[in-house]
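Here the structure is laid out as structure tokens; the discussion comes afterwards.
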Amino acid sequence: MLNQSMSTVRVDQLRSNHETGYFFALRQVPLSQKEYIFTADALKRAVYIHAGQTVPLSYTMTVKKARGFDMYFAATDYSVILSVKEQKVVDQQTSEYQGTLLVRHGRDKQKFAVHGLYVR
């Protein structure tokens, strides 16, 4: 799981900017660096960020599982699945997640280990 002090700092920064939604980075990148590869707002309008490009995504559905959930998103030539395996409630407004981001673009398929926050 994420370090509690790092999460608290990041949550304070998000709240001060009035940002809500999902914020995910590669697992080896601290969230405090704001180098997200996937974000989604409260209405689940999402953006996949890769190699300097931002790809707007439309929300398709969420599938709850015994351990976590999968959120499906799509765009022209893109299919993105955010698969959350671990969740930790930080406070009433914030949850931390760890999981994977599966991105299909045409015939290319990439899988990323990610961690992130959901801020209400």
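Just so we're on the same page: first chain in the structure tokens is A, next is B, and so on; residues restart at 1 for each chain, and ligands are numbered from 1 in the order they show up.
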Among the residues of chain A, find those DSSP assigns to strand (DSSP E) from the backbone and print them as a PyMOL selection string.
chain A and resi 21-26+36-40+46-50+53-65+68-75+78-91+94-105+108-119
List as a PDB file with C-alpha atoms, in the first residue's frame the protein and nucleic acid residues near Gly52 (chain A), meaning an atom at most 12 Å away when only C-alpha atoms are counted, but skip any in the same chain fewer than 5 places from it.
ATOM      1  CA  GLU A  35       2.675  12.425 -13.390  1.00  0.00           C
ATOM      2  CA  TYR A  36      -0.637  10.714 -14.014  1.00  0.00           C
ATOM      3  CA  ILE A  37      -1.241   8.303 -16.865  1.00  0.00           C
TER       4      ILE A  37
END
A straight line from CA of Lys88 (chain A) to CA of Phe112 (chain A) spans 19.9 Å
Do a neighbour search on His105 (chain A) at 7 Å with only C-alpha atoms, toss out local chain neighbours closer than 6 positions, and write the hits as a list in words.
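Listed by chain and then number, they are Asp77, Tyr78 and Ser79 of chain A.
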Top pick for closest residue to Tyr118 (chain A), considering A:Val89, A:Leu82, A:Met71, A:Met61 and counting only C-alpha atoms:
A:Val89
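Distance-wise, CA of Val84 (chain A) and CA of Tyr97 (chain A) end up 6.4 Å apart.
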